[in-house]
$ cat data09.cif   # mmCIF, C-alpha atoms and all ligand atoms
data_input
#
loop_
_atom_site.label_atom_id
_atom_site.label_comp_id
_atom_site.auth_asym_id
_atom_site.auth_seq_id
_atom_site.Cartn_x
_atom_site.Cartn_y
_atom_site.Cartn_z
CA GLU N 1 95.97 136.20 39.32
CA LEU N 2 96.90 135.25 35.80
CA LEU N 3 95.32 131.85 36.35
CA SER N 4 92.04 133.31 37.51
CA LEU N 5 92.06 135.65 34.54
CA CYS N 6 92.55 132.68 32.24
CA LEU N 7 89.79 130.79 33.97
CA SER N 8 87.34 133.63 33.71
CA ARG N 9 88.19 134.06 30.08
CA ARG N 10 87.54 130.39 29.47
CA LYS N 11 84.21 130.70 31.20
CA ALA N 12 83.27 133.64 29.04
CA GLU N 13 84.12 131.70 25.93
CA ALA N 14 82.12 128.71 27.03
CA TRP N 15 79.22 130.97 27.79
CA SER N 16 79.31 132.68 24.43
CA VAL N 17 79.49 129.36 22.61
CA ASP N 18 76.61 128.13 24.69
CA SER N 19 74.49 131.18 24.13
CA GLU N 20 75.09 130.88 20.43
CA MET N 21 73.56 127.46 20.51
CA LYS N 22 70.63 128.57 22.65
CA THR N 23 69.72 131.31 20.23
CA PRO N 24 70.14 129.76 16.84
CA LEU N 25 70.01 132.00 13.83
CA PHE N 26 67.55 129.78 12.09
CA ASP N 27 65.02 127.10 12.85
CA GLN N 28 64.15 123.74 11.41
CA LYS N 29 61.62 125.17 9.00
CA MET N 30 64.18 127.54 7.49
CA LEU N 31 66.66 124.75 6.96
CA CYS N 32 64.01 122.51 5.39
CA LYS N 33 63.07 125.31 3.04
CA ALA N 34 66.72 125.92 2.22
CA ILE N 35 67.15 122.29 1.23
CA SER N 36 64.05 122.22 -0.96
CA GLU N 37 65.04 125.54 -2.56
CA GLN N 38 68.66 124.44 -2.91
CA GLN N 39 70.15 127.52 -1.25
CA PHE N 40 73.49 125.74 -0.96
CA SER N 41 76.62 125.86 -2.99
CA LEU N 42 80.04 124.30 -2.73
CA CYS N 43 83.48 125.81 -2.50
CA TYR N 44 86.46 123.75 -3.54
CA GLN N 45 89.79 123.84 -1.76
CA PRO N 46 92.74 122.29 -3.59
CA ILE N 47 94.86 119.64 -1.87
CA ALA N 48 98.40 119.50 -3.21
CA ASP N 49 101.28 117.07 -3.21
CA MET N 50 103.79 118.37 -0.69
CA ASN N 51 106.77 117.60 -2.91
CA SER N 52 105.64 118.31 -6.47
CA GLY N 53 103.02 120.95 -5.71
CA GLU N 54 100.65 119.14 -8.05
CA ILE N 55 96.95 119.45 -7.15
CA ILE N 56 95.71 115.92 -6.62
CA ALA N 57 92.30 116.61 -5.11
CA VAL N 58 89.82 119.29 -4.14
CA GLU N 59 87.71 119.23 -1.00
CA ALA N 60 84.08 120.25 -1.45
CA LEU N 61 83.00 122.62 1.34
CA ALA N 62 79.36 123.50 1.80
CA ARG N 63 78.08 127.07 1.91
CA TRP N 64 74.56 128.20 2.74
CA ASN N 65 73.61 131.45 1.12
CA GLN N 66 70.59 132.37 3.21
CA PRO N 67 68.59 135.24 1.66
CA GLU N 68 68.25 137.15 4.98
CA LEU N 69 71.22 135.94 7.00
CA GLY N 70 73.79 135.96 4.25
CA MET N 71 76.46 133.28 4.21
CA VAL N 72 75.99 130.79 7.04
CA ARG N 73 79.06 128.75 8.03
CA PRO N 74 78.88 124.97 7.73
CA ASP N 75 80.04 124.63 11.33
CA ARG N 76 76.60 125.92 12.23
CA PHE N 77 74.20 124.37 9.78
CA ILE N 78 75.75 120.90 9.47
CA ARG N 79 75.30 120.26 13.16
CA ALA N 80 71.73 121.59 12.99
CA ALA N 81 70.98 119.39 9.98
CA GLU N 82 72.28 116.41 11.94
CA GLN N 83 70.15 117.25 14.96
CA TRP N 84 67.01 117.75 12.93
CA GLY N 85 67.40 114.63 10.83
CA LEU N 86 68.04 116.56 7.63
CA ILE N 87 71.66 115.67 7.07
CA ASN N 88 71.16 112.80 4.63
CA GLU N 89 68.94 114.87 2.40
CA LEU N 90 71.42 117.73 2.47
CA THR N 91 74.34 115.40 1.77
CA LEU N 92 72.67 113.95 -1.32
CA LEU N 93 71.91 117.44 -2.59
CA LEU N 94 75.53 118.50 -2.16
CA LEU N 95 76.85 115.29 -3.68
CA ASP N 96 74.72 115.94 -6.76
CA GLN N 97 76.31 119.36 -7.15
CA ALA N 98 79.80 118.04 -6.63
CA LEU N 99 79.36 115.22 -9.13
CA LYS N 100 78.07 117.65 -11.75
CA GLN N 101 81.10 119.87 -11.17
CA LEU N 102 83.43 116.91 -11.41
CA GLN N 103 81.83 115.98 -14.72
CA LYS N 104 82.37 119.50 -16.04
CA TRP N 105 86.02 119.36 -15.08
CA TYR N 106 86.33 115.93 -16.63
CA GLU N 107 84.98 117.27 -19.90
CA LEU N 108 87.59 120.04 -19.75
CA LYS N 109 90.21 117.33 -19.20
CA LEU N 110 90.81 118.62 -15.69
CA VAL N 111 91.02 115.33 -13.88
CA VAL N 112 91.08 115.78 -10.15
CA GLN N 113 89.90 113.75 -7.22
CA LEU N 114 86.95 115.02 -5.20
CA SER N 115 87.09 114.89 -1.42
CA PHE N 116 83.60 114.95 0.05
CA ASN N 117 82.61 115.27 3.72
CA LEU N 118 80.21 112.75 5.20
CA SER N 119 78.50 113.10 8.54
CA PRO N 120 79.43 110.28 10.90
CA LEU N 121 75.70 109.90 11.55
CA SER N 122 75.15 108.81 7.96
CA LEU N 123 77.58 105.94 8.24
CA SER N 124 75.33 103.76 10.36
CA ASP N 125 72.41 104.23 7.94
CA THR N 126 72.88 101.39 5.46
CA ALA N 127 70.00 102.45 3.20
CA PHE N 128 71.54 105.90 2.87
CA MET N 129 74.98 104.48 2.19
CA GLN N 130 73.49 102.50 -0.69
CA GLN N 131 71.78 105.61 -2.04
CA LEU N 132 75.09 107.41 -1.91
CA GLN N 133 76.89 104.75 -3.92
CA HIS N 134 73.99 104.55 -6.36
CA LYS N 135 74.22 108.28 -7.01
CA VAL N 136 77.88 108.04 -7.89
CA GLN N 137 77.22 105.04 -10.14
CA GLN N 138 74.49 106.93 -11.98
CA SER N 139 76.81 109.86 -12.58
CA GLY N 140 79.28 107.62 -14.38
CA ILE N 141 82.14 108.95 -12.27
CA LYS N 142 84.59 106.30 -11.16
CA PRO N 143 84.73 105.67 -7.40
CA GLN N 144 88.51 106.04 -7.67
CA LEU N 145 87.92 109.76 -8.23
CA ILE N 146 86.11 110.19 -4.92
CA CYS N 147 87.41 110.29 -1.38
CA PHE N 148 84.89 110.37 1.46
CA GLU N 149 86.03 112.26 4.55
CA VAL N 150 84.71 111.23 7.93
CA THR N 151 85.48 112.80 11.28
CA GLU N 152 86.50 110.61 14.14
CA THR N 153 83.75 110.79 16.73
CA GLN N 154 83.17 110.14 20.36
CA ASP N 155 80.33 107.77 19.66
CA PHE N 156 81.99 104.38 19.74
CA SER N 157 78.70 102.52 20.03
CA GLN N 158 78.32 103.14 16.30
CA LEU N 159 81.91 102.31 15.45
CA SER N 160 81.27 98.79 14.16
CA ALA N 161 78.47 99.92 11.86
CA ALA N 162 80.64 102.79 10.63
CA ILE N 163 83.56 100.48 9.97
CA GLU N 164 81.33 98.16 7.95
CA SER N 165 80.06 101.03 5.80
CA LEU N 166 83.55 102.32 5.23
CA ALA N 167 84.76 98.84 4.31
CA ASN N 168 81.97 98.66 1.72
CA LEU N 169 83.01 101.97 0.23
CA ARG N 170 86.61 100.77 0.03
CA LEU N 171 85.50 97.58 -1.66
CA ALA N 172 83.66 99.66 -4.26
CA GLY N 173 86.87 101.58 -4.98
CA PHE N 174 86.36 104.81 -3.03
CA SER N 175 89.09 106.38 -0.91
CA ILE N 176 88.42 107.14 2.73
CA ALA N 177 89.99 109.91 4.78
CA ILE N 178 89.79 110.32 8.54
CA ASP N 179 89.17 114.04 9.02
CA ASP N 180 90.28 116.37 11.82
CA TYR N 181 92.54 113.74 13.35
CA GLY N 182 93.86 114.89 16.70
CA THR N 183 90.71 116.62 17.88
CA GLY N 184 88.64 113.57 18.72
CA PHE N 185 89.20 110.58 20.86
CA ALA N 186 90.31 107.84 18.50
CA ASN N 187 93.28 105.96 19.83
CA ALA N 188 95.89 104.13 17.81
CA GLN N 189 94.02 100.84 18.18
CA GLN N 190 90.83 102.32 16.73
CA LEU N 191 92.81 104.03 14.03
CA SER N 192 94.15 100.69 12.88
CA ARG N 193 90.61 99.28 12.66
CA ILE N 194 89.18 101.99 10.44
CA PRO N 195 89.56 101.01 6.78
CA ALA N 196 90.90 104.39 5.72
CA THR N 197 93.41 105.35 3.05
CA ARG N 198 94.24 108.83 4.30
CA LEU N 199 94.63 110.63 7.57
CA LYS N 200 93.97 114.35 7.74
CA LEU N 201 95.81 115.96 10.62
CA ASP N 202 93.81 118.73 12.20
CA ARG N 203 95.03 122.31 12.04
CA SER N 204 95.58 122.30 15.82
CA LEU N 205 98.39 119.75 15.36
CA ILE N 206 99.95 121.76 12.55
CA ASP N 207 99.62 125.42 13.47
CA GLY N 208 102.74 126.71 15.18
CA VAL N 209 104.46 123.32 15.13
CA SER N 210 107.68 124.88 13.87
CA GLU N 211 107.93 126.80 17.15
CA ARG N 212 107.04 124.07 19.65
CA SER N 213 109.22 121.04 20.15
CA GLN N 214 106.61 119.09 22.15
CA GLN N 215 104.05 119.55 19.38
CA ARG N 216 106.66 118.47 16.90
CA LEU N 217 107.28 115.27 18.82
CA VAL N 218 103.56 114.42 18.75
CA LEU N 219 103.45 115.16 15.04
CA GLU N 220 106.49 113.06 14.21
CA ASN N 221 105.11 110.10 16.12
CA THR N 222 101.68 110.41 14.53
CA ILE N 223 103.23 110.51 11.07
CA GLN N 224 105.36 107.47 11.79
CA LEU N 225 102.41 105.47 13.09
CA ALA N 226 100.12 106.49 10.23
CA HIS N 227 102.70 105.61 7.62
CA LYS N 228 103.21 102.22 9.25
CA LEU N 229 99.45 101.70 8.98
CA GLY N 230 99.73 102.47 5.27
CA LEU N 231 97.92 105.81 5.43
CA THR N 232 98.65 108.85 3.30
CA LEU N 233 99.03 111.95 5.46
CA ILE N 234 97.38 115.27 4.78
CA ALA N 235 98.15 118.37 6.82
CA GLU N 236 95.11 120.61 7.19
CA GLY N 237 95.06 124.34 7.77
CA VAL N 238 98.65 125.10 6.85
CA GLU N 239 98.98 128.87 7.07
CA ARG N 240 102.65 129.55 7.76
CA LEU N 241 105.68 128.91 5.67
CA ALA N 242 107.81 127.85 8.66
CA ASP N 243 105.25 125.17 9.56
CA ALA N 244 105.07 124.04 5.94
CA MET N 245 108.82 123.59 5.75
CA LEU N 246 108.90 121.65 8.97
CA ILE N 247 106.04 119.28 8.14
CA LYS N 248 107.59 118.59 4.77
CA ARG N 249 110.77 117.44 6.49
CA CYS N 250 108.64 115.33 8.84
CA GLY N 251 107.25 113.44 5.85
CA ILE N 252 103.75 114.83 5.32
CA ASP N 253 102.47 113.71 1.90
CA LEU N 254 99.74 116.22 1.05
CA VAL N 255 98.87 119.74 2.13
CA GLN N 256 95.75 121.83 2.34
CA GLY N 257 95.64 125.34 3.73
CA TYR N 258 95.43 129.07 3.15
CA LEU N 259 99.18 129.19 2.50
CA TYR N 260 98.52 127.27 -0.71
CA TYR N 261 94.89 127.78 -1.67
CA LYS N 262 91.79 129.08 0.05
CA PRO N 263 88.40 127.49 -0.61
CA LEU N 264 87.50 128.70 -4.11
CA THR N 265 84.30 129.14 -6.05
CA ALA N 266 83.83 126.50 -8.74
CA GLU N 267 84.74 129.09 -11.34
CA ASP N 268 87.98 130.16 -9.64
CA CYS N 269 88.87 126.56 -8.99
CA THR N 270 88.48 125.78 -12.69
CA ALA N 271 91.02 128.49 -13.48
CA VAL N 272 93.43 127.24 -10.84
CA LEU N 273 93.13 123.66 -12.06
CA SER N 274 93.77 124.51 -15.69
CA ASN N 275 96.72 126.69 -14.70
CA SER N 276 98.34 123.96 -12.68
CA LEU N 277 97.78 121.48 -15.50
CA ASP N 278 99.49 123.85 -17.95
CA GLN N 279 102.44 124.14 -15.59
CA GLN N 280 102.76 120.38 -15.33
CA ALA N 281 102.63 120.06 -19.08
CA ALA N 282 105.38 122.68 -19.42
CA SER N 283 107.71 121.11 -16.88
P1 LIG I 301 86.74 120.22 7.45
O1 LIG I 301 86.16 119.09 6.68
O2 LIG I 301 87.83 119.91 8.38
O3 LIG I 301 87.17 121.28 6.37
C1 LIG I 301 88.29 122.13 6.51
C2 LIG I 301 87.90 123.47 7.08
O4 LIG I 301 89.09 124.22 7.33
C3 LIG I 301 87.08 124.32 6.12
O5 LIG I 301 86.21 125.15 6.88
C4 LIG I 301 88.15 125.18 5.44
O6 LIG I 301 87.63 126.37 4.92
C5 LIG I 301 89.06 125.45 6.63
N1 LIG I 301 90.45 125.75 6.25
C6 LIG I 301 91.16 125.29 5.21
N2 LIG I 301 92.43 125.76 5.20
C7 LIG I 301 92.53 126.55 6.30
C8 LIG I 301 93.59 127.34 6.86
O7 LIG I 301 94.72 127.40 6.37
N3 LIG I 301 93.31 128.02 8.01
C9 LIG I 301 92.08 127.97 8.60
N4 LIG I 301 91.88 128.69 9.70
N5 LIG I 301 91.05 127.23 8.10
C10 LIG I 301 91.28 126.54 6.97
P2 LIG I 301 84.68 125.33 6.49
O8 LIG I 301 84.55 125.40 5.00
O9 LIG I 301 84.13 126.44 7.31
O10 LIG I 301 84.02 123.97 6.96
C11 LIG I 301 83.98 123.64 8.32
C12 LIG I 301 83.55 122.22 8.55
O11 LIG I 301 82.20 122.00 8.18
C13 LIG I 301 84.35 121.21 7.72
O12 LIG I 301 85.59 120.96 8.32
C14 LIG I 301 83.42 120.02 7.77
O13 LIG I 301 83.56 119.31 8.99
C15 LIG I 301 82.05 120.67 7.74
N6 LIG I 301 81.54 120.62 6.37
C16 LIG I 301 81.77 121.46 5.34
N7 LIG I 301 81.13 121.07 4.24
C17 LIG I 301 80.49 119.91 4.55
C18 LIG I 301 79.65 119.00 3.85
O14 LIG I 301 79.36 119.14 2.65
N8 LIG I 301 79.17 117.93 4.55
C19 LIG I 301 79.47 117.71 5.87
N9 LIG I 301 78.95 116.63 6.49
N10 LIG I 301 80.26 118.54 6.57
C20 LIG I 301 80.76 119.62 5.92
MG MG I 302 86.88 117.62 5.56
MG MG I 303 89.25 118.71 8.60
MG MG I 304 87.21 120.59 10.53
#
$ encode --input "data09.cif" --output "structure tokens" --more "lines below"
Ligand code: C2E
Ligand code: MG
Ligand code: MG
Ligand code: MG
Amino acid sequence: ELLSLCLSRRKAEAWSVDSEMKTPLFDQKMLCKAISEQQFSLCYQPIADMNSGEIIAVEALARWNQPELGMVRPDRFIRAAEQWGLINELTLLLLDQALKQLQKWYELKLVVQLSFNLSPLSLSDTAFMQQLQHKVQQSGIKPQLICFEVTETQDFSQLSAAIESLANLRLAGFSIAIDDYGTGFANAQQLSRIPATRLKLDRSLIDGVSERSQQRLVLENTIQLAHKLGLTLIAEGVERLADAMLIKRCGIDLVQGYLYYKPLTAEDCTAVLSNSLDQQAAS
């Protein structure tokens, strides 16, 4: 009986997800307009060193402030932008904003690395990848201050092209992070082929790990493998203290999550960054 209840619940969830996609909140025209009118902003979520607490990077997270719909979540509009061929344009717009913010922080002597999400679709577009690098060059910001985050995808037909693009970025001095690791289908072999510097473990691997020994085993093994491959490990979505304490003992290098910082407006992030710099100076 319990099983059938679970099954029917799963069905209901699948249906509601499906129906969401069948009745989108917005159409292609609205998204085009939003891009040309620049209705987007970025939040910044600090990423901290697990041992020292020092903020070493901030991840830029897109927000769409739609005049009628209010705040639209990136989970919705990024996928739509990808489907409608608008993602590259949107990415360049957001990168512009992020670079300007980074420059402002730099002028305030708040030196922090920027982590910036790229759509996996963009990786196989070599012309776009050149544009991206050109934009950073023009801004005068050193590639060493930027980490591009890419999600592991199911689409292995594009893997070689993606690997080549990522290798180019590495060569130019950028960092690369594999995002949401543990939710996709990359195996250890593929992981070793991707020229990444960091591995971001998805929240699903982290949340509740302090209470589940099986999950802990998976985590410990993933950490060991990633470290052997020379990757820096970031735990995403850390919300609970017990989990934080456990993953620290397991050897996680960097943390990102509500327990530490939520995504912040640029203004709030400026305050947080200058505070943490003061603390470092004092200690
Ligand atoms: P992501 O790159 O994995 O970003 C982390 C997401 O986890 C963010 O959701 C962040 O707000 C959320 N998060 C952080 N800490 C916690 C926590 O402790 N608990 C929980 N429950 N969530 C936490 P957000 O901002 O809604 O973004 C969702 C996704 O949309 C991102 O996942 C990323 O894949 C995509 N995205 C966001 N901005 C961009 C962008 O500029 N370009 C591209 N291509 N994708 C983006
Ligand atoms: Mg990310
Ligand atoms: Mg992620
Ligand atoms: Mg994610």
$ closest_residue --input "data09.cif" --among "N:Gln45, N:Ser276, N:Gln28, N:Gln190" --to "Tyr258 of chain N" --atoms "all atoms listed in the file"
N:Gln45
$ closest_residue --input "data09.cif" --among "N:Ala226, N:Leu95, N:Ala244, N:Ile234" --to "Gly208 of chain N" --atoms "only C-alpha atoms"
N:Ala244
$ closest_atom_pairs --input "data09.cif" --of "chain N" --to "ligand MG 303 (chain I)" --cutoff "12 Å" --atoms "only C-alpha atoms and all ligand atoms" --output "JSON lines"
{"residue": "N:Gln45", "atom": "CA", "partner": "I:MG303", "partner_atom": "MG", "distance": 11.6}
{"residue": "N:Ile47", "atom": "CA", "partner": "I:MG303", "partner_atom": "MG", "distance": 11.9}
{"residue": "N:Glu59", "atom": "CA", "partner": "I:MG303", "partner_atom": "MG", "distance": 9.7}
{"residue": "N:Ala60", "atom": "CA", "partner": "I:MG303", "partner_atom": "MG", "distance": 11.4}
{"residue": "N:Leu61", "atom": "CA", "partner": "I:MG303", "partner_atom": "MG", "distance": 10.3}
{"residue": "N:Asp75", "atom": "CA", "partner": "I:MG303", "partner_atom": "MG", "distance": 11.3}
{"residue": "N:Ser115", "atom": "CA", "partner": "I:MG303", "partner_atom": "MG", "distance": 10.9}
{"residue": "N:Phe116", "atom": "CA", "partner": "I:MG303", "partner_atom": "MG", "distance": 10.9}
{"residue": "N:Asn117", "atom": "CA", "partner": "I:MG303", "partner_atom": "MG", "distance": 8.9}
{"residue": "N:Leu118", "atom": "CA", "partner": "I:MG303", "partner_atom": "MG", "distance": 11.3}
{"residue": "N:Phe148", "atom": "CA", "partner": "I:MG303", "partner_atom": "MG", "distance": 11.8}
{"residue": "N:Glu149", "atom": "CA", "partner": "I:MG303", "partner_atom": "MG", "distance": 8.3}
{"residue": "N:Val150", "atom": "CA", "partner": "I:MG303", "partner_atom": "MG", "distance": 8.8}
{"residue": "N:Thr151", "atom": "CA", "partner": "I:MG303", "partner_atom": "MG", "distance": 7.5}
{"residue": "N:Glu152", "atom": "CA", "partner": "I:MG303", "partner_atom": "MG", "distance": 10.2}
{"residue": "N:Ala177", "atom": "CA", "partner": "I:MG303", "partner_atom": "MG", "distance": 9.6}
{"residue": "N:Ile178", "atom": "CA", "partner": "I:MG303", "partner_atom": "MG", "distance": 8.4}
{"residue": "N:Asp179", "atom": "CA", "partner": "I:MG303", "partner_atom": "MG", "distance": 4.7}
{"residue": "N:Asp180", "atom": "CA", "partner": "I:MG303", "partner_atom": "MG", "distance": 4.1}
{"residue": "N:Tyr181", "atom": "CA", "partner": "I:MG303", "partner_atom": "MG", "distance": 7.6}
{"residue": "N:Gly182", "atom": "CA", "partner": "I:MG303", "partner_atom": "MG", "distance": 10.1}
{"residue": "N:Thr183", "atom": "CA", "partner": "I:MG303", "partner_atom": "MG", "distance": 9.6}
{"residue": "N:Gly184", "atom": "CA", "partner": "I:MG303", "partner_atom": "MG", "distance": 11.4}
{"residue": "N:Arg198", "atom": "CA", "partner": "I:MG303", "partner_atom": "MG", "distance": 11.9}
{"residue": "N:Leu199", "atom": "CA", "partner": "I:MG303", "partner_atom": "MG", "distance": 9.8}
{"residue": "N:Lys200", "atom": "CA", "partner": "I:MG303", "partner_atom": "MG", "distance": 6.5}
{"residue": "N:Leu201", "atom": "CA", "partner": "I:MG303", "partner_atom": "MG", "distance": 7.4}
{"residue": "N:Asp202", "atom": "CA", "partner": "I:MG303", "partner_atom": "MG", "distance": 5.8}
{"residue": "N:Arg203", "atom": "CA", "partner": "I:MG303", "partner_atom": "MG", "distance": 7.6}
{"residue": "N:Ser204", "atom": "CA", "partner": "I:MG303", "partner_atom": "MG", "distance": 10.3}
{"residue": "N:Leu205", "atom": "CA", "partner": "I:MG303", "partner_atom": "MG", "distance": 11.4}
{"residue": "N:Ile206", "atom": "CA", "partner": "I:MG303", "partner_atom": "MG", "distance": 11.8}
{"residue": "N:Ile234", "atom": "CA", "partner": "I:MG303", "partner_atom": "MG", "distance": 9.6}
{"residue": "N:Ala235", "atom": "CA", "partner": "I:MG303", "partner_atom": "MG", "distance": 9.1}
{"residue": "N:Glu236", "atom": "CA", "partner": "I:MG303", "partner_atom": "MG", "distance": 6.3}
{"residue": "N:Gly237", "atom": "CA", "partner": "I:MG303", "partner_atom": "MG", "distance": 8.1}
{"residue": "N:Val238", "atom": "CA", "partner": "I:MG303", "partner_atom": "MG", "distance": 11.5}
{"residue": "N:Val255", "atom": "CA", "partner": "I:MG303", "partner_atom": "MG", "distance": 11.6}
{"residue": "N:Gln256", "atom": "CA", "partner": "I:MG303", "partner_atom": "MG", "distance": 9.5}
{"residue": "N:Gly257", "atom": "CA", "partner": "I:MG303", "partner_atom": "MG", "distance": 10.4}
$ closest_residue --input "data09.cif" --among "N:Ile87, N:Val272, N:Leu110, N:Met30" --to "Glu68 of chain N" --atoms "only C-alpha atoms"
N:Met30
$ closest_residue --input "data09.cif" --among "N:Ile223, N:Cys32, N:Ala57, N:Ala266" --to "Phe77 of chain N" --atoms "all atoms listed in the file"
N:Cys32
$ closest_residue --input "data09.cif" --among "N:Glu54, N:Glu89, N:Asp96, N:Glu239" --to "Ala281 of chain N" --atoms "all atoms listed in the file"
N:Glu54
$ atom_distance --input "data09.cif" --atom1 "atom N10 of ligand LIG 301 (chain I)" --atom2 "atom CA of Pro120 of chain N"
9.4 Å
$ closest_residue --input "data09.cif" --among "N:Asn168, N:Ser119, N:Thr265, N:Ser139" --to "ligand MG 304 (chain I)" --atoms "all atoms listed in the file"
N:Ser119
$ atom_distance --input "data09.cif" --atom1 "atom CA of Asp125 of chain N" --atom2 "atom CA of Ser165 of chain N"
8.6 Å
$ atom_distance --input "data09.cif" --atom1 "atom O2 of ligand LIG 301 (chain I)" --atom2 "atom CA of Ala127 of chain N"
25.5 Å
$ residues_near_point --input "data09.cif" --point "(72.7, 128.8, -0.4)" --cutoff "6 Å" --atoms "all atoms listed in the file" --output "ChimeraX atom specification"
/N:39-41,64-66
$ residues_around --input "data09.cif" --residues "segment 209-215 of chain N" --least-positions-apart "6" --cutoff "9 Å" --atoms "all atoms listed in the file" --output "MDAnalysis selection string"
chainID N and resid 242:247
$ residues_around --input "data09.cif" --residues "Trp84 of chain N" --least-positions-apart "2" --cutoff "10 Å" --atoms "only C-alpha atoms" --output "MDAnalysis selection string"
chainID N and resid 27:29 31:32 78:82 86:87
$ residues_around --input "data09.cif" --residues "Lys135 of chain N" --least-positions-apart "2" --cutoff "12 Å" --atoms "all atoms listed in the file" --output "PyMOL selection string"
chain N and resi 91-100+128-133+137-143
$ residues_around --input "data09.cif" --residues "Leu191 of chain N" --least-positions-apart "4" --cutoff "9 Å" --atoms "only C-alpha atoms" --output "list of chain:residue names"
N:Ile178, N:Ala186, N:Asn187, N:Pro195, N:Ala196, N:Ala226, N:Leu229
$ decode --input "data09.cif" --residues "segment 200-205 of chain N" --atoms "all heavy atoms" --output "PDB file, in the first residue's frame"
ATOM      1  N   LYS N 200      32.447  20.467  -8.305  1.00  0.00           N
ATOM      2  CA  LYS N 200      31.412  20.913  -7.374  1.00  0.00           C
ATOM      3  C   LYS N 200      30.436  19.776  -7.131  1.00  0.00           C
ATOM      4  O   LYS N 200      29.728  19.344  -8.038  1.00  0.00           O
ATOM      5  CB  LYS N 200      30.672  22.133  -7.951  1.00  0.00           C
ATOM      6  CG  LYS N 200      31.578  23.320  -8.193  1.00  0.00           C
ATOM      7  CD  LYS N 200      30.783  24.573  -8.530  1.00  0.00           C
ATOM      8  CE  LYS N 200      30.167  25.188  -7.296  1.00  0.00           C
ATOM      9  NZ  LYS N 200      29.540  26.511  -7.585  1.00  0.00           N
ATOM     10  N   LEU N 201      30.417  19.289  -5.911  1.00  0.00           N
ATOM     11  CA  LEU N 201      29.527  18.179  -5.576  1.00  0.00           C
ATOM     12  C   LEU N 201      28.122  18.702  -5.349  1.00  0.00           C
ATOM     13  O   LEU N 201      27.898  19.616  -4.555  1.00  0.00           O
ATOM     14  CB  LEU N 201      30.031  17.470  -4.315  1.00  0.00           C
ATOM     15  CG  LEU N 201      31.450  16.908  -4.414  1.00  0.00           C
ATOM     16  CD1 LEU N 201      31.822  16.207  -3.109  1.00  0.00           C
ATOM     17  CD2 LEU N 201      31.577  15.946  -5.592  1.00  0.00           C
ATOM     18  N   ASP N 202      27.179  18.094  -6.043  1.00  0.00           N
ATOM     19  CA  ASP N 202      25.795  18.549  -5.973  1.00  0.00           C
ATOM     20  C   ASP N 202      25.225  18.389  -4.568  1.00  0.00           C
ATOM     21  O   ASP N 202      25.610  17.496  -3.817  1.00  0.00           O
ATOM     22  CB  ASP N 202      24.932  17.772  -6.968  1.00  0.00           C
ATOM     23  CG  ASP N 202      23.556  18.379  -7.094  1.00  0.00           C
ATOM     24  OD1 ASP N 202      23.462  19.481  -7.674  1.00  0.00           O
ATOM     25  OD2 ASP N 202      22.576  17.785  -6.586  1.00  0.00           O
ATOM     26  N   ARG N 203      24.281  19.264  -4.268  1.00  0.00           N
ATOM     27  CA  ARG N 203      23.613  19.269  -2.971  1.00  0.00           C
ATOM     28  C   ARG N 203      23.055  17.904  -2.580  1.00  0.00           C
ATOM     29  O   ARG N 203      23.044  17.533  -1.404  1.00  0.00           O
ATOM     30  CB  ARG N 203      22.469  20.288  -3.029  1.00  0.00           C
ATOM     31  CG  ARG N 203      21.851  20.633  -1.712  1.00  0.00           C
ATOM     32  CD  ARG N 203      21.012  21.875  -1.870  1.00  0.00           C
ATOM     33  NE  ARG N 203      19.733  21.587  -2.502  1.00  0.00           N
ATOM     34  CZ  ARG N 203      18.631  21.264  -1.829  1.00  0.00           C
ATOM     35  NH1 ARG N 203      18.650  21.218  -0.521  1.00  0.00           N
ATOM     36  NH2 ARG N 203      17.509  21.026  -2.466  1.00  0.00           N
ATOM     37  N   SER N 204      22.604  17.141  -3.596  1.00  0.00           N
ATOM     38  CA  SER N 204      22.007  15.830  -3.295  1.00  0.00           C
ATOM     39  C   SER N 204      23.031  14.862  -2.682  1.00  0.00           C
ATOM     40  O   SER N 204      22.654  13.937  -1.977  1.00  0.00           O
ATOM     41  CB  SER N 204      21.403  15.230  -4.562  1.00  0.00           C
ATOM     42  OG  SER N 204      22.378  15.150  -5.580  1.00  0.00           O
ATOM     43  N   LEU N 205      24.310  15.072  -2.960  1.00  0.00           N
ATOM     44  CA  LEU N 205      25.340  14.229  -2.351  1.00  0.00           C
ATOM     45  C   LEU N 205      25.673  14.685  -0.935  1.00  0.00           C
ATOM     46  O   LEU N 205      26.202  13.929  -0.124  1.00  0.00           O
ATOM     47  CB  LEU N 205      26.638  14.272  -3.177  1.00  0.00           C
ATOM     48  CG  LEU N 205      26.674  13.636  -4.550  1.00  0.00           C
ATOM     49  CD1 LEU N 205      28.078  13.705  -5.119  1.00  0.00           C
ATOM     50  CD2 LEU N 205      26.236  12.180  -4.476  1.00  0.00           C
TER      51      LEU N 205
END
